[in-house]
Amino acid sequence: MLDPRIYRTGFVVAALALVVLAFSLQNQQGPLGSTLAPEAFNGQNVYSAMTTIARRDPDRRPGSDGDYALASQVDQSFIQAFGKPAVSIDTFTGRTVDGSRTLENVVAVRPGMESGSVVIVAHRDALGSPALASLSGTATLLELARDLQGETLNHTVVLASTSGSQGTSGAIQLASTLSGPVDAVIVLGDLASAQVHQPIVVPWSTGQWVAPPRLRNTLAAALGAQASLGAGTTGVAGQFAHLAFPFTLSEQAPFGARGVPAVLLSLSGDQEPAANAPVAGPAQITALGRAVLQTISALDSGPTVALPSAYLLFDGKVVPGWAIALFVLALLVPVVLTTVDGLARARRRGHVIWRSLVLVLAAAAPFALGVLVVIAARLLGIIVADPPGPVAAGAVPLDGTGIAVLAVAACVVIGALAGVGAIAARVRPARPEPAARARTRSSDGAVAALLLVMCVVTIVIWISNPFAAALLVPALHLWLWAVNPDLRLRVPVRLLLVMIGLAPVVLVVLYYAGTLGFDPLQAAWAAALLVAGHGVSLVAALEWSVVLGCLVSATTIALLAARGSRAEPAPITVRGPITYAGPGSLGGTKSALRR
């Protein structure tokens, strides 16, 4: 049914796109230079402030009394440095791991002589106690205010203390209220831990954008000069995972998603340090604080950095996102061409495509119902905590209510799949035929419908996120042959091809589970929280429901195709003389004569 010649021809386009990809590699932009002597930063003041705050306000959950008390202290420190008119408190209702809470962002503005601003952000809340390492960002923010109060700046410097760090509520609110052009955002995370987890400079966002290389390299150069620390890198596979499924826990993410260059500086990487994490002495804090101060000076005196974009770093080179998107689209061409030809063949053979198309789409309905169960649980108040962004494992405990929601969603999915299977089993060919041929005809029509749906959903995903669509490319190519009834493949081989097709998606999930410490149940709960808090859009959830439905259909069709390929060929019912080769064998037929 599927023509391998058309499939091979489609790779001509992929080969041309590969050439374009190879010639699209670019050099990274170097770091910006600094003119400010960063020796003014005093790490001993930071260390003393950390220990004092931890002793006075050990409980600083978002919206708690300790959180408000620390916000008041930050407000007073900013007023002493910049004056009362330069400081403001933004009070808002934010969604946190404890439910909706009244939160405060404290913002101080140090005006510059030119347009543009550099924003320094640190969160002050913590889920554990005393969380000394988490306080290092806030304490560093207070020291930076003292260091910058007498400086003449080209660009405006904004210092912001936020709350609601798990789920990034405060950062989301700040990103929506910043005025004027923002040149760069530096988020201060853990600057005091005794243990270092790479990467220290985190550029990811919750969109398809990554902080520009110049901003990353400027901060990395300052770290090397002041603290003798490397910024750390993420492998190509990890970078691809972050672009395909944008998932990050830290507060630079909302800024990057809005197109603002933003990075996180944290010795704990993308995760929040443990509440009892051991801290280093003032010397390390001094070195990291001076690196921040040097970076601020470099951004203030240098040219404006580029906007965030989608790219990969490979062997020191920048691979632009547009070239990757073009290559992914070119890899879809062989499957699309083969699918169009297969649809035409199926229609010529009398297959009713729409009936199989309905069954393939029906296989996606159970997964969509599972998504709706989670959304309904949130609307009914069963899921109380719905942070607007990803949260760390255990930040929202999986209690009995959460287990019940997951169990109901799983039962709905399984029950609906059983119902769809029962309906599909009752579908019969339009006219009576032998069993083997009926299976083959049904399989042929289903193959065309499955490939059509899979191609369409992959192209739709490609429009919004080419990196996510790239994860489905192996499935498209392998399923094309796994469900082909013309190939004599055993059932295990066909099922293996189906499973390997979705291996990239599984590997991305395992990557996040490993790096962020999720077990399978916590990963399912984190996915439910993302859906409930709209960290994953409803459209994206439905798109991937269709992909899972195609997986179910591909598995079923592969089994049917394997049975059909083992069936005996149909008996020959029309015979002629043994030496007669058919019409036209001895010359032209009347139908072939030119009229």
# chains A, B, ... in the order shown; residues from 1 in each chain; ligands from 1

call {"tool": "residues_around", "arguments": {"residues": "Ala524 of chain A", "least_positions_apart": "6", "cutoff": "12 Å", "atoms": "only C-alpha atoms", "output": "number ranges by chain"}}
result
A: 370-371, 374, 393, 398, 402-403, 405-407, 409-410, 509, 513, 518, 530-531

call {"tool": "write_last_selection", "arguments": {"atoms": "N, CA and C atoms", "output": "PDB file, in the first residue's frame"}}
result
ATOM      1  N   GLY A 370      -9.081  12.452  30.390  1.00  0.00           N
ATOM      2  CA  GLY A 370      -8.215  12.503  31.571  1.00  0.00           C
ATOM      3  C   GLY A 370      -7.777  13.918  31.892  1.00  0.00           C
ATOM      4  N   VAL A 371      -7.454  14.703  30.857  1.00  0.00           N
ATOM      5  CA  VAL A 371      -7.095  16.108  31.052  1.00  0.00           C
ATOM      6  C   VAL A 371      -8.277  16.880  31.629  1.00  0.00           C
ATOM      7  N   VAL A 374      -8.742  16.463  35.388  1.00  0.00           N
ATOM      8  CA  VAL A 374      -7.850  17.292  36.203  1.00  0.00           C
ATOM      9  C   VAL A 374      -8.354  18.738  36.247  1.00  0.00           C
ATOM     10  N   ALA A 393       9.802  18.698  43.117  1.00  0.00           N
ATOM     11  CA  ALA A 393       9.186  17.503  43.681  1.00  0.00           C
ATOM     12  C   ALA A 393       8.943  17.702  45.172  1.00  0.00           C
ATOM     13  N   LEU A 398       1.759  15.186  47.573  1.00  0.00           N
ATOM     14  CA  LEU A 398       0.735  14.330  46.981  1.00  0.00           C
ATOM     15  C   LEU A 398      -0.010  13.632  48.110  1.00  0.00           C
ATOM     16  N   GLY A 402      -4.958  14.248  46.101  1.00  0.00           N
ATOM     17  CA  GLY A 402      -4.234  14.186  44.841  1.00  0.00           C
ATOM     18  C   GLY A 402      -4.199  12.784  44.269  1.00  0.00           C
ATOM     19  N   ILE A 403      -4.008  11.792  45.142  1.00  0.00           N
ATOM     20  CA  ILE A 403      -4.008  10.401  44.674  1.00  0.00           C
ATOM     21  C   ILE A 403      -5.374  10.038  44.100  1.00  0.00           C
ATOM     22  N   VAL A 405      -7.516  12.088  42.664  1.00  0.00           N
ATOM     23  CA  VAL A 405      -7.660  12.735  41.354  1.00  0.00           C
ATOM     24  C   VAL A 405      -6.922  11.939  40.283  1.00  0.00           C
ATOM     25  N   LEU A 406      -5.686  11.534  40.587  1.00  0.00           N
ATOM     26  CA  LEU A 406      -4.922  10.745  39.620  1.00  0.00           C
ATOM     27  C   LEU A 406      -5.593   9.404  39.341  1.00  0.00           C
ATOM     28  N   ALA A 407      -6.141   8.776  40.389  1.00  0.00           N
ATOM     29  CA  ALA A 407      -6.798   7.481  40.209  1.00  0.00           C
ATOM     30  C   ALA A 407      -8.054   7.611  39.348  1.00  0.00           C
ATOM     31  N   ALA A 409      -8.679   9.974  37.133  1.00  0.00           N
ATOM     32  CA  ALA A 409      -8.253  10.260  35.760  1.00  0.00           C
ATOM     33  C   ALA A 409      -7.780   8.993  35.060  1.00  0.00           C
ATOM     34  N   ALA A 410      -7.011   8.148  35.772  1.00  0.00           N
ATOM     35  CA  ALA A 410      -6.534   6.904  35.170  1.00  0.00           C
ATOM     36  C   ALA A 410      -7.697   5.968  34.845  1.00  0.00           C
ATOM     37  N   VAL A 509      11.154  12.838  29.194  1.00  0.00           N
ATOM     38  CA  VAL A 509      10.497  12.702  30.495  1.00  0.00           C
ATOM     39  C   VAL A 509      11.475  12.141  31.528  1.00  0.00           C
ATOM     40  N   ALA A 513      12.840  13.831  35.007  1.00  0.00           N
ATOM     41  CA  ALA A 513      12.651  13.085  36.252  1.00  0.00           C
ATOM     42  C   ALA A 513      13.985  12.875  36.962  1.00  0.00           C
ATOM     43  N   PHE A 518      12.134  13.530  40.295  1.00  0.00           N
ATOM     44  CA  PHE A 518      10.754  13.051  40.323  1.00  0.00           C
ATOM     45  C   PHE A 518      10.741  11.527  40.226  1.00  0.00           C
ATOM     46  N   LEU A 530       0.609  21.062  36.408  1.00  0.00           N
ATOM     47  CA  LEU A 530       0.843  21.938  35.262  1.00  0.00           C
ATOM     48  C   LEU A 530      -0.440  22.163  34.478  1.00  0.00           C
ATOM     49  N   VAL A 531      -1.223  21.103  34.305  1.00  0.00           N
ATOM     50  CA  VAL A 531      -2.496  21.243  33.592  1.00  0.00           C
ATOM     51  C   VAL A 531      -3.472  22.086  34.408  1.00  0.00           C
TER      52      VAL A 531
END

call {"tool": "closest_residue", "arguments": {"among": "A:Gly533, A:Ala424, A:Ala287, A:Pro334", "to": "Ala377 of chain A", "atoms": "only C-alpha atoms"}}
result
A:Gly533

call {"tool": "residues_around", "arguments": {"residues": "Gly381 of chain A", "least_positions_apart": "2", "cutoff": "12 Å", "atoms": "only C-alpha atoms", "output": "JSON, numbers by chain"}}
result
{"A": [99, 100, 374, 375, 376, 377, 378, 379, 383, 384, 385, 386, 401, 402, 405, 532]}

call {"tool": "closest_residue", "arguments": {"among": "A:Ser134, A:Thr9, A:Ser268, A:Ser297", "to": "Glu151 of chain A", "atoms": "only C-alpha atoms"}}
result
A:Ser297

call {"tool": "closest_atom_pairs", "arguments": {"of": "segment 81-165 of chain A", "to": "segment 179-193 of chain A", "cutoff": "6 Å", "atoms": "only C-alpha atoms", "output": "JSON lines"}}
result
{"residue": "A:Gly116", "atom": "CA", "partner": "A:Pro181", "partner_atom": "CA", "distance": 4.9}
{"residue": "A:Ser117", "atom": "CA", "partner": "A:Val182", "partner_atom": "CA", "distance": 4.9}
{"residue": "A:Val118", "atom": "CA", "partner": "A:Ala184", "partner_atom": "CA", "distance": 5.1}
{"residue": "A:Val119", "atom": "CA", "partner": "A:Val185", "partner_atom": "CA", "distance": 4.6}
{"residue": "A:Ile120", "atom": "CA", "partner": "A:Ile186", "partner_atom": "CA", "distance": 5.0}
{"residue": "A:Val121", "atom": "CA", "partner": "A:Val187", "partner_atom": "CA", "distance": 4.6}
{"residue": "A:Ala122", "atom": "CA", "partner": "A:Leu188", "partner_atom": "CA", "distance": 5.0}
{"residue": "A:Ala133", "atom": "CA", "partner": "A:Ala192", "partner_atom": "CA", "distance": 5.3}
{"residue": "A:Ser134", "atom": "CA", "partner": "A:Asp190", "partner_atom": "CA", "distance": 5.4}
{"residue": "A:Ser136", "atom": "CA", "partner": "A:Leu191", "partner_atom": "CA", "distance": 5.6}
{"residue": "A:Gly137", "atom": "CA", "partner": "A:Leu188", "partner_atom": "CA", "distance": 4.9}

call {"tool": "closest_residue", "arguments": {"among": "A:Thr295, A:Ser163, A:Thr177, A:Thr556", "to": "Pro38 of chain A", "atoms": "only C-alpha atoms"}}
result
A:Thr295

call {"tool": "residues_around", "arguments": {"residues": "Trp462 of chain A", "least_positions_apart": "2", "cutoff": "12 Å", "atoms": "only C-alpha atoms", "output": "PyMOL selection string"}}
result
chain A and resi 208+244+322+324-332+455-460+464-473+540+543

call {"tool": "atom_distance", "arguments": {"atom1": "atom CA of Val373 of chain A", "atom2": "atom CA of Ile463 of chain A"}}
result
27.5 Å
